[in-house]
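**Student:** Below is the file query-v5.cif, with mmCIF, C-alpha atoms.
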```
data_work
#
loop_
_atom_site.label_atom_id
_atom_site.label_comp_id
_atom_site.auth_asym_id
_atom_site.auth_seq_id
_atom_site.Cartn_x
_atom_site.Cartn_y
_atom_site.Cartn_z
CA MET T 1 1.17 -61.78 -11.17
CA GLN T 2 0.80 -63.22 -14.67
CA ARG T 3 -0.34 -60.60 -17.19
CA PRO T 4 -3.42 -61.70 -19.19
CA ASP T 5 -3.36 -61.53 -22.99
CA TRP T 6 -5.81 -58.60 -23.08
CA ALA T 7 -3.64 -56.37 -20.85
CA PRO T 8 -1.27 -54.04 -22.76
CA GLU T 9 2.38 -54.29 -21.69
CA THR T 10 2.48 -50.55 -21.01
CA ILE T 11 0.10 -50.56 -18.04
CA ASP T 12 1.04 -50.94 -14.38
CA ILE T 13 -1.19 -53.75 -13.13
CA GLU T 14 -0.13 -53.04 -9.54
CA ARG T 15 -1.76 -49.59 -9.57
CA PRO T 16 -5.57 -49.43 -9.38
CA SER T 17 -7.47 -47.96 -12.32
CA VAL T 18 -10.84 -46.24 -11.92
CA ALA T 19 -12.08 -47.87 -15.14
CA ARG T 20 -11.15 -51.35 -13.92
CA MET T 21 -12.59 -50.67 -10.45
CA TYR T 22 -15.86 -49.67 -12.13
CA ASP T 23 -15.70 -52.88 -14.15
CA TYR T 24 -15.39 -54.80 -10.88
CA TYR T 25 -18.41 -53.01 -9.36
CA LEU T 26 -20.45 -54.05 -12.40
CA GLY T 27 -19.36 -57.69 -12.10
CA GLY T 28 -16.89 -57.59 -14.98
CA SER T 29 -13.71 -59.63 -15.34
CA HIS T 30 -11.29 -57.08 -16.80
CA ASN T 31 -9.64 -56.06 -13.56
CA PHE T 32 -6.58 -56.99 -11.51
CA ALA T 33 -5.90 -57.75 -7.84
CA ALA T 34 -4.95 -54.11 -7.18
CA ASP T 35 -8.23 -52.93 -8.70
CA ARG T 36 -10.25 -55.43 -6.69
CA ALA T 37 -8.50 -54.50 -3.45
CA ALA T 38 -9.17 -50.80 -3.99
CA ALA T 39 -12.78 -51.48 -5.01
CA GLN T 40 -13.30 -53.65 -1.93
CA ALA T 41 -11.87 -50.86 0.25
CA MET T 42 -14.37 -48.49 -1.37
CA VAL T 43 -17.22 -50.92 -0.63
CA ALA T 44 -16.06 -51.11 2.99
CA ALA T 45 -16.20 -47.30 3.19
CA VAL T 46 -19.35 -46.87 1.07
CA PRO T 47 -21.36 -50.12 1.00
CA GLU T 48 -23.57 -48.77 -1.79
CA ALA T 49 -20.62 -48.60 -4.26
CA PRO T 50 -21.83 -51.51 -6.46
CA LEU T 51 -25.38 -50.10 -6.34
CA MET T 52 -23.97 -46.73 -7.41
CA ALA T 53 -22.34 -48.28 -10.47
CA GLN T 54 -25.45 -50.25 -11.40
CA ALA T 55 -27.77 -47.27 -10.94
CA ASN T 56 -25.47 -45.11 -13.02
CA ARG T 57 -25.38 -47.73 -15.78
CA ALA T 58 -29.18 -47.88 -15.77
CA PHE T 59 -29.31 -44.07 -16.03
CA LEU T 60 -27.02 -44.24 -19.08
CA ARG T 61 -29.32 -46.78 -20.69
CA ARG T 62 -32.46 -44.70 -20.11
CA ALA T 63 -30.76 -41.52 -21.31
CA VAL T 64 -29.59 -43.16 -24.55
CA GLN T 65 -33.06 -44.59 -25.13
CA PHE T 66 -34.54 -41.11 -24.62
CA LEU T 67 -32.04 -39.59 -27.04
CA THR T 68 -32.64 -42.09 -29.81
CA GLU T 69 -36.39 -41.58 -29.44
CA ALA T 70 -35.69 -37.83 -29.74
CA GLY T 71 -33.99 -38.45 -33.08
CA VAL T 72 -30.32 -38.40 -32.07
CA ARG T 73 -28.17 -40.73 -34.17
CA GLN T 74 -24.64 -39.66 -33.16
CA PHE T 75 -23.03 -40.31 -29.78
CA LEU T 76 -19.70 -39.21 -28.32
CA ASP T 77 -19.14 -41.22 -25.13
CA ILE T 78 -16.21 -39.68 -23.22
CA GLY T 79 -14.86 -41.77 -20.38
CA SER T 80 -16.65 -44.82 -21.75
CA GLY T 81 -14.70 -47.32 -19.63
CA ILE T 82 -14.38 -51.05 -20.17
CA PRO T 83 -17.17 -52.47 -22.35
CA THR T 84 -19.86 -54.39 -20.52
CA VAL T 85 -23.28 -55.60 -21.59
CA GLY T 86 -25.47 -52.65 -22.52
CA ASN T 87 -22.93 -50.31 -24.07
CA VAL T 88 -24.11 -47.21 -25.91
CA HIS T 89 -24.04 -48.69 -29.42
CA GLU T 90 -26.08 -51.71 -28.28
CA ILE T 91 -28.69 -49.55 -26.55
CA ALA T 92 -28.97 -46.99 -29.35
CA ARG T 93 -29.25 -49.55 -32.15
CA ARG T 94 -32.23 -51.27 -30.58
CA THR T 95 -34.20 -48.16 -31.56
CA ALA T 96 -31.99 -46.72 -34.29
CA PRO T 97 -29.82 -49.28 -36.12
CA ASP T 98 -28.01 -46.50 -37.99
CA SER T 99 -26.60 -44.92 -34.82
CA ARG T 100 -22.91 -43.99 -34.85
CA VAL T 101 -20.84 -44.04 -31.68
CA VAL T 102 -17.38 -42.80 -30.76
CA TYR T 103 -16.00 -44.16 -27.50
CA VAL T 104 -13.26 -42.16 -25.78
CA ASP T 105 -11.23 -43.31 -22.79
CA VAL T 106 -7.78 -42.65 -21.37
CA ASP T 107 -7.36 -46.14 -19.89
CA PRO T 108 -5.40 -48.42 -22.28
CA VAL T 109 -7.20 -51.56 -21.08
CA ALA T 110 -10.58 -49.98 -21.79
CA VAL T 111 -9.40 -48.86 -25.23
CA ALA T 112 -7.78 -52.18 -26.16
CA HIS T 113 -10.78 -54.23 -25.12
CA SER T 114 -13.24 -51.85 -26.79
CA ARG T 115 -11.33 -52.10 -30.07
CA GLU T 116 -11.39 -55.88 -29.84
CA ILE T 117 -15.16 -55.91 -29.31
CA LEU T 118 -15.85 -53.36 -32.05
CA ALA T 119 -13.57 -54.84 -34.70
CA GLY T 120 -15.46 -54.82 -37.99
CA ASP T 121 -18.11 -52.35 -36.75
CA ASP T 122 -18.05 -49.51 -39.29
CA HIS T 123 -20.35 -47.32 -37.21
CA SER T 124 -18.32 -47.31 -33.99
CA VAL T 125 -14.74 -46.31 -33.23
CA VAL T 126 -12.59 -46.08 -30.11
CA VAL T 127 -10.22 -43.21 -29.36
CA GLN T 128 -7.62 -43.10 -26.58
CA GLU T 129 -7.79 -39.57 -25.23
CA ASP T 130 -8.42 -37.60 -22.04
CA LEU T 131 -11.51 -35.50 -21.26
CA ARG T 132 -9.10 -32.83 -20.02
CA HIS T 133 -8.19 -32.20 -23.67
CA PRO T 134 -11.54 -31.70 -25.41
CA GLU T 135 -9.96 -29.90 -28.34
CA ARG T 136 -7.90 -33.00 -29.12
CA ILE T 137 -10.99 -35.19 -28.93
CA LEU T 138 -12.92 -32.93 -31.28
CA ALA T 139 -10.03 -32.73 -33.76
CA HIS T 140 -9.23 -36.43 -33.73
CA PRO T 141 -9.48 -37.88 -37.26
CA ASP T 142 -11.54 -40.86 -36.09
CA VAL T 143 -14.05 -38.54 -34.44
CA ARG T 144 -14.21 -36.33 -37.51
CA GLY T 145 -14.41 -39.35 -39.78
CA LEU T 146 -17.46 -40.87 -38.09
CA LEU T 147 -19.40 -37.95 -36.60
CA ASP T 148 -20.81 -34.93 -38.44
CA LEU T 149 -20.43 -31.97 -36.11
CA ASP T 150 -22.92 -30.01 -38.20
CA GLU T 151 -25.66 -32.41 -37.09
CA PRO T 152 -26.93 -33.08 -33.54
CA ILE T 153 -24.64 -35.17 -31.33
CA ALA T 154 -25.20 -36.52 -27.83
CA VAL T 155 -22.11 -36.02 -25.69
CA LEU T 156 -22.05 -38.46 -22.78
CA VAL T 157 -19.90 -37.56 -19.78
CA VAL T 158 -21.16 -40.23 -17.42
CA ALA T 159 -19.43 -41.05 -14.11
CA VAL T 160 -16.33 -39.12 -15.17
CA LEU T 161 -16.44 -35.56 -13.83
CA HIS T 162 -15.72 -36.61 -10.26
CA PHE T 163 -12.24 -37.51 -11.54
CA ILE T 164 -11.72 -34.03 -12.99
CA SER T 165 -10.38 -31.56 -10.44
CA ASP T 166 -11.51 -27.96 -10.16
CA ASP T 167 -7.97 -26.99 -11.21
CA ASP T 168 -8.65 -28.73 -14.55
CA ARG T 169 -11.57 -26.31 -15.09
CA PRO T 170 -14.37 -28.77 -15.91
CA ALA T 171 -16.79 -25.97 -16.81
CA GLU T 172 -14.38 -24.78 -19.50
CA ILE T 173 -13.93 -28.35 -20.77
CA LEU T 174 -17.69 -28.72 -21.17
CA GLY T 175 -17.91 -25.25 -22.71
CA THR T 176 -15.39 -26.26 -25.39
CA LEU T 177 -17.48 -29.32 -26.22
CA ARG T 178 -20.73 -27.29 -26.20
CA ASP T 179 -19.35 -24.65 -28.56
CA ALA T 180 -18.49 -27.34 -31.13
CA LEU T 181 -22.01 -28.79 -31.20
CA ALA T 182 -24.91 -28.13 -33.54
CA PRO T 183 -28.34 -27.05 -32.26
CA GLY T 184 -30.37 -30.05 -31.15
CA SER T 185 -27.34 -31.68 -29.57
CA HIS T 186 -27.50 -33.01 -26.02
CA LEU T 187 -25.21 -33.29 -23.02
CA VAL T 188 -25.59 -36.15 -20.53
CA ILE T 189 -23.78 -35.87 -17.20
CA SER T 190 -23.66 -37.89 -14.03
CA GLN T 191 -21.26 -37.62 -11.13
CA ALA T 192 -20.90 -38.63 -7.49
CA SER T 193 -22.32 -36.28 -4.88
CA ASP T 194 -21.96 -36.14 -1.12
CA GLU T 195 -25.41 -34.71 -0.45
CA GLY T 196 -26.74 -36.53 2.60
CA ARG T 197 -23.43 -38.34 3.23
CA GLY T 198 -21.26 -38.04 6.31
CA VAL T 199 -17.91 -36.25 6.35
CA GLU T 200 -16.14 -39.45 7.45
CA GLU T 201 -17.62 -41.48 4.59
CA ARG T 202 -16.63 -38.83 2.06
CA GLY T 203 -13.09 -38.69 3.43
CA GLU T 204 -12.64 -42.46 3.30
CA ALA T 205 -13.90 -42.61 -0.30
CA GLN T 206 -11.42 -39.90 -1.29
CA ARG T 207 -8.59 -41.77 0.47
CA VAL T 208 -9.37 -44.92 -1.53
CA TYR T 209 -9.24 -43.11 -4.87
CA ARG T 210 -5.98 -41.39 -4.02
CA ARG T 211 -4.43 -44.81 -4.70
CA THR T 212 -5.31 -44.34 -8.37
CA ASP T 213 -4.22 -41.78 -10.95
CA ASN T 214 -7.66 -40.14 -10.58
CA PRO T 215 -8.47 -38.75 -7.12
CA LEU T 216 -12.13 -38.19 -6.32
CA TRP T 217 -13.76 -34.73 -6.55
CA ILE T 218 -17.23 -34.70 -5.02
CA ARG T 219 -19.65 -31.96 -6.11
CA SER T 220 -23.06 -30.67 -5.12
CA ARG T 221 -26.30 -30.59 -7.11
CA ALA T 222 -25.83 -26.84 -7.70
CA GLU T 223 -22.32 -27.38 -9.05
CA LEU T 224 -23.48 -30.15 -11.36
CA THR T 225 -26.40 -28.06 -12.60
CA ALA T 226 -24.00 -25.23 -13.44
CA PHE T 227 -22.13 -27.58 -15.80
CA PHE T 228 -25.19 -27.48 -18.11
CA ASP T 229 -24.55 -23.81 -18.89
CA GLY T 230 -25.91 -23.07 -22.36
CA PHE T 231 -28.16 -26.16 -22.35
CA GLU T 232 -31.84 -26.40 -21.49
CA LEU T 233 -32.31 -29.10 -18.88
CA VAL T 234 -34.66 -31.90 -19.87
CA GLU T 235 -37.25 -32.77 -17.23
CA PRO T 236 -36.86 -33.73 -14.42
CA GLY T 237 -33.58 -31.77 -14.31
CA VAL T 238 -30.60 -32.76 -12.19
CA VAL T 239 -31.74 -35.51 -9.83
CA TRP T 240 -30.49 -38.71 -8.22
CA VAL T 241 -29.96 -40.99 -11.21
CA PRO T 242 -32.72 -43.49 -10.29
CA GLN T 243 -35.16 -40.55 -10.37
CA TRP T 244 -34.31 -39.61 -13.96
CA ARG T 245 -37.29 -40.94 -15.94
CA PRO T 246 -37.54 -44.26 -14.05
CA GLU T 247 -39.22 -47.13 -15.83
CA ALA T 248 -41.39 -47.75 -12.76
CA PRO T 249 -42.04 -45.50 -9.72
CA GLU T 250 -40.66 -48.05 -7.27
CA ASN T 251 -37.32 -47.98 -9.09
CA ALA T 252 -36.75 -44.45 -7.76
CA GLU T 253 -37.28 -45.32 -4.09
CA ASP T 254 -34.34 -44.53 -1.78
CA ALA T 255 -32.78 -42.84 -4.81
CA GLU T 256 -30.17 -40.97 -2.77
CA ARG T 257 -28.48 -44.31 -1.98
CA ALA T 258 -27.26 -44.30 -5.58
CA VAL T 259 -24.97 -41.33 -4.68
CA PHE T 260 -24.85 -40.24 -8.34
CA LEU T 261 -26.68 -37.16 -9.56
CA GLY T 262 -27.43 -36.87 -13.25
CA GLY T 263 -29.22 -34.95 -15.93
CA VAL T 264 -29.65 -34.34 -19.65
CA GLY T 265 -29.49 -30.97 -21.38
CA ARG T 266 -30.50 -29.92 -24.88
CA LEU T 267 -28.73 -27.27 -26.93
CA GLY T 268 -31.27 -24.92 -28.47
CA GLY T 269 -31.04 -22.62 -31.46
#
```
Kindly transcribe the structure held in the file into structure tokens.
**Tutor:**
Amino acid sequence: MQRPDWAPETIDIERPSVARMYDYYLGGSHNFAADRAAAQAMVAAVPEAPLMAQANRAFLRRAVQFLTEAGVRQFLDIGSGIPTVGNVHEIARRTAPDSRVVYVDVDPVAVAHSREILAGDDHSVVVQEDLRHPERILAHPDVRGLLDLDEPIAVLVVAVLHFISDDDRPAEILGTLRDALAPGSHLVISQASDEGRGVEERGEAQRVYRRTDNPLWIRSRAELTAFFDGFELVEPGVVWVPQWRPEAPENAEDAERAVFLGGVGRLGG
């Protein structure tokens, strides 16, 4: 397979990437045959997979709009993925042109393409780092250079936690991030859930993602709610993502088909 110009030489284009599979679900073009094959296998196992990605993206958009209207002007998007239309800086700046955004991703394709798109944007930067190392993210000079940790920040951990195993202690990861934030900061989380899904469907989805470097960890609503420890949940709490402040009531119909649960928490004090 010929390597496109935008693909760094260091990546294995024969091994699927969760970021590039997500790009495929959203109709993007920054993916390879291995990513498409894995994504198609996921669709065969869970036909709603593209709907899941689209519903999750819409949740991100509504959450960012809510946050800018609440006065937030700083965003730390961890696990940001490959840029598509409607990224955080585009959404936030419709309401607040002075918004500053740090994108963080471990995938080199996502990072390389994000840097290309954001070249010359003084209010956005891209950092290659892993959510499993929150202390490195917080200490990174580009993060420190753009964001003021003494002022409210919205930390976005959207469609990422289901790639963080229990052994990696996700609650501790989120606790490290929380403890670095100023009062008035927010945490946005979404992740795949198996509530209402069959055991066979869950097993097949997990088999597909074992092809990647990021196996799938499905969690319940109670487990996801516990990740907001120290935050006050914003109404309507942890719900199927189409139910989180939908723009029209009909948009939340059959919400469980979206598979993703999500919520927004505010840090008081």
**Student:** Under the rule that only C-alpha atoms are counted, which of T:Leu174, T:Val234, T:Ala139, T:Ala92 is the nearest residue to T:Ser124?
**Tutor:**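 Closest to T:Ser124 of all the choices is T:Ala92.
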**Student:** With the file shown as input, list the residues that the PyMOL selection byres ((chain T and resi 75-89) around 7) selects, as a list in words.
**Tutor:**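 What the PyMOL selection byres ((chain T and resi 75-89) around 7) grabs from the file is Ala19, Asp23, Val64, Arg73, Gln74, Glu90, Ile91, Ala92, Arg93, Arg100, Val101, Val102, Tyr103, Val104, Asp105, Ala110, His113, Ser114, Leu131, Ile153, Ala154, Val155, Leu156, Val157 and Val160 of chain T.
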**Student:** Within 9 Å of stretch 166-170 of chain T, counting only C-alpha atoms, which residues qualify if same-chain residues fewer than 2 places away don't, as JSON, numbers by chain?
**Tutor:** {"T": [132, 161, 164, 172, 173, 174, 175, 217, 227]}
**Student:** For T:Ala63, which residue out of T:Val158, T:Leu224, T:Ala44, T:Leu267 is the nearest one, using only C-alpha atoms?
**Tutor:**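 That would be T:Val158, the residue with the smallest distance to T:Ala63.
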**Student:** Hey, what's within 12 Å of T:Gly184 if we count all atoms listed in the file and toss same-chain stuff fewer than 2 positions away? As a ChimeraX atom specification, please?
**Tutor:** /T:67,70-74,149-155,178,181-182,186-187,231-232,265-269
**Student:** Rounded to one decimal in Å, what is the spacing between atom CA of T:Ser99 and atom CA of T:Thr68?
**Tutor:** 8.3 Å
**Student:** Can you work out the spacing between atom CA of T:Val241 and atom CA of T:Arg20 in Å, to one decimal?
**Tutor:**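 Rounded to one decimal, the two atoms are 21.6 Å apart.
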**Student:** Taking the file above as input, evaluate the PyMOL selection byres ((chain T and resi 245) around 12) and report the hits as a ChimeraX atom specification.
**Tutor:** /T:58-66,234-244,246-252,262-264
**Student:** Near T:Leu26, within 8 Å and counting all atoms listed in the file, which residues show up once chain neighbours fewer than 3 positions away are dropped, as a VMD selection string?
**Tutor:** chain T and resid 22 to 23 50 53 to 54
**Student:** I'd like the interatomic distance between atom CA of T:Val259 and atom CA of T:Asp229, to a tenth of an Å.
**Tutor:**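 Interatomic distance, atom CA of T:Val259 to atom CA of T:Asp229: 22.6 Å.
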**Student:** From the list T:Asp12, T:Glu135, T:Asp98, T:Asp142, which residue is nearest T:His123 when using all atoms listed in the file?
**Tutor:**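 Closest to T:His123, using all atoms listed in the file: T:Asp98.
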**Student:** Filtering to all heavy atoms, could stretch 107-119 of chain T of the supplied structure be written out as a compact mmCIF listing (two decimals), in the first residue's frame?
**Tutor:**
```txt
# COMPACT_ATOMS: atom_id res chain seq x y z
N ASP T 107 -2.39 9.37 18.96
CA ASP T 107 -2.24 8.88 17.60
C ASP T 107 -1.45 9.88 16.75
O ASP T 107 -1.85 11.03 16.63
CB ASP T 107 -3.62 8.64 16.98
CG ASP T 107 -3.53 8.00 15.61
OD1 ASP T 107 -3.22 8.71 14.65
OD2 ASP T 107 -3.77 6.78 15.52
N PRO T 108 -0.32 9.45 16.14
CA PRO T 108 0.51 10.40 15.39
C PRO T 108 -0.18 10.97 14.16
O PRO T 108 0.11 12.11 13.77
CB PRO T 108 1.75 9.57 15.01
CG PRO T 108 1.34 8.15 15.15
CD PRO T 108 0.29 8.11 16.22
N VAL T 109 -1.09 10.23 13.53
CA VAL T 109 -1.83 10.77 12.40
C VAL T 109 -2.74 11.90 12.86
O VAL T 109 -2.81 12.95 12.23
CB VAL T 109 -2.64 9.66 11.69
CG1 VAL T 109 -3.62 10.27 10.68
CG2 VAL T 109 -1.71 8.68 10.99
N ALA T 110 -3.45 11.67 13.96
CA ALA T 110 -4.32 12.71 14.49
C ALA T 110 -3.52 13.97 14.84
O ALA T 110 -3.95 15.09 14.53
CB ALA T 110 -5.04 12.19 15.73
N VAL T 111 -2.37 13.78 15.45
CA VAL T 111 -1.55 14.92 15.86
C VAL T 111 -1.00 15.66 14.64
O VAL T 111 -1.07 16.89 14.55
CB VAL T 111 -0.40 14.44 16.77
CG1 VAL T 111 0.60 15.57 17.01
CG2 VAL T 111 -0.97 13.95 18.10
N ALA T 112 -0.46 14.91 13.68
CA ALA T 112 0.13 15.53 12.49
C ALA T 112 -0.92 16.32 11.70
O ALA T 112 -0.67 17.46 11.28
CB ALA T 112 0.77 14.47 11.61
N HIS T 113 -2.09 15.72 11.53
CA HIS T 113 -3.12 16.41 10.75
C HIS T 113 -3.67 17.61 11.51
O HIS T 113 -3.96 18.65 10.92
CB HIS T 113 -4.23 15.44 10.40
CG HIS T 113 -5.16 15.95 9.33
ND1 HIS T 113 -4.70 16.52 8.16
CD2 HIS T 113 -6.52 16.01 9.27
CE1 HIS T 113 -5.73 16.89 7.42
NE2 HIS T 113 -6.85 16.60 8.08
N SER T 114 -3.81 17.49 12.82
CA SER T 114 -4.29 18.61 13.62
C SER T 114 -3.32 19.78 13.53
O SER T 114 -3.74 20.94 13.41
CB SER T 114 -4.45 18.17 15.08
OG SER T 114 -5.42 17.16 15.21
N ARG T 115 -2.03 19.49 13.60
CA ARG T 115 -1.04 20.57 13.53
C ARG T 115 -1.07 21.25 12.17
O ARG T 115 -0.89 22.47 12.07
CB ARG T 115 0.35 20.00 13.82
CG ARG T 115 0.56 19.70 15.30
CD ARG T 115 1.89 19.06 15.59
NE ARG T 115 2.08 18.91 17.04
CZ ARG T 115 2.91 18.06 17.60
NH1 ARG T 115 3.67 17.26 16.85
NH2 ARG T 115 3.01 17.98 18.92
N GLU T 116 -1.32 20.47 11.13
CA GLU T 116 -1.42 21.05 9.79
C GLU T 116 -2.60 22.01 9.70
O GLU T 116 -2.50 23.13 9.19
CB GLU T 116 -1.57 19.92 8.77
CG GLU T 116 -1.70 20.39 7.33
CD GLU T 116 -1.91 19.23 6.38
OE1 GLU T 116 -1.46 18.11 6.69
OE2 GLU T 116 -2.53 19.45 5.33
N ILE T 117 -3.74 21.59 10.24
CA ILE T 117 -4.96 22.40 10.20
C ILE T 117 -4.81 23.67 11.04
O ILE T 117 -5.28 24.75 10.66
CB ILE T 117 -6.17 21.58 10.68
CG1 ILE T 117 -6.56 20.56 9.61
CG2 ILE T 117 -7.36 22.46 11.04
CD1 ILE T 117 -7.68 19.64 10.02
N LEU T 118 -4.14 23.54 12.19
CA LEU T 118 -4.07 24.65 13.14
C LEU T 118 -2.83 25.53 12.97
O LEU T 118 -2.59 26.41 13.79
CB LEU T 118 -4.12 24.09 14.57
CG LEU T 118 -5.44 23.42 14.94
CD1 LEU T 118 -5.32 22.72 16.27
CD2 LEU T 118 -6.59 24.42 14.95
N ALA T 119 -2.06 25.28 11.94
CA ALA T 119 -0.87 26.11 11.70
C ALA T 119 -1.27 27.58 11.60
O ALA T 119 -2.18 27.94 10.86
CB ALA T 119 -0.17 25.67 10.43
```
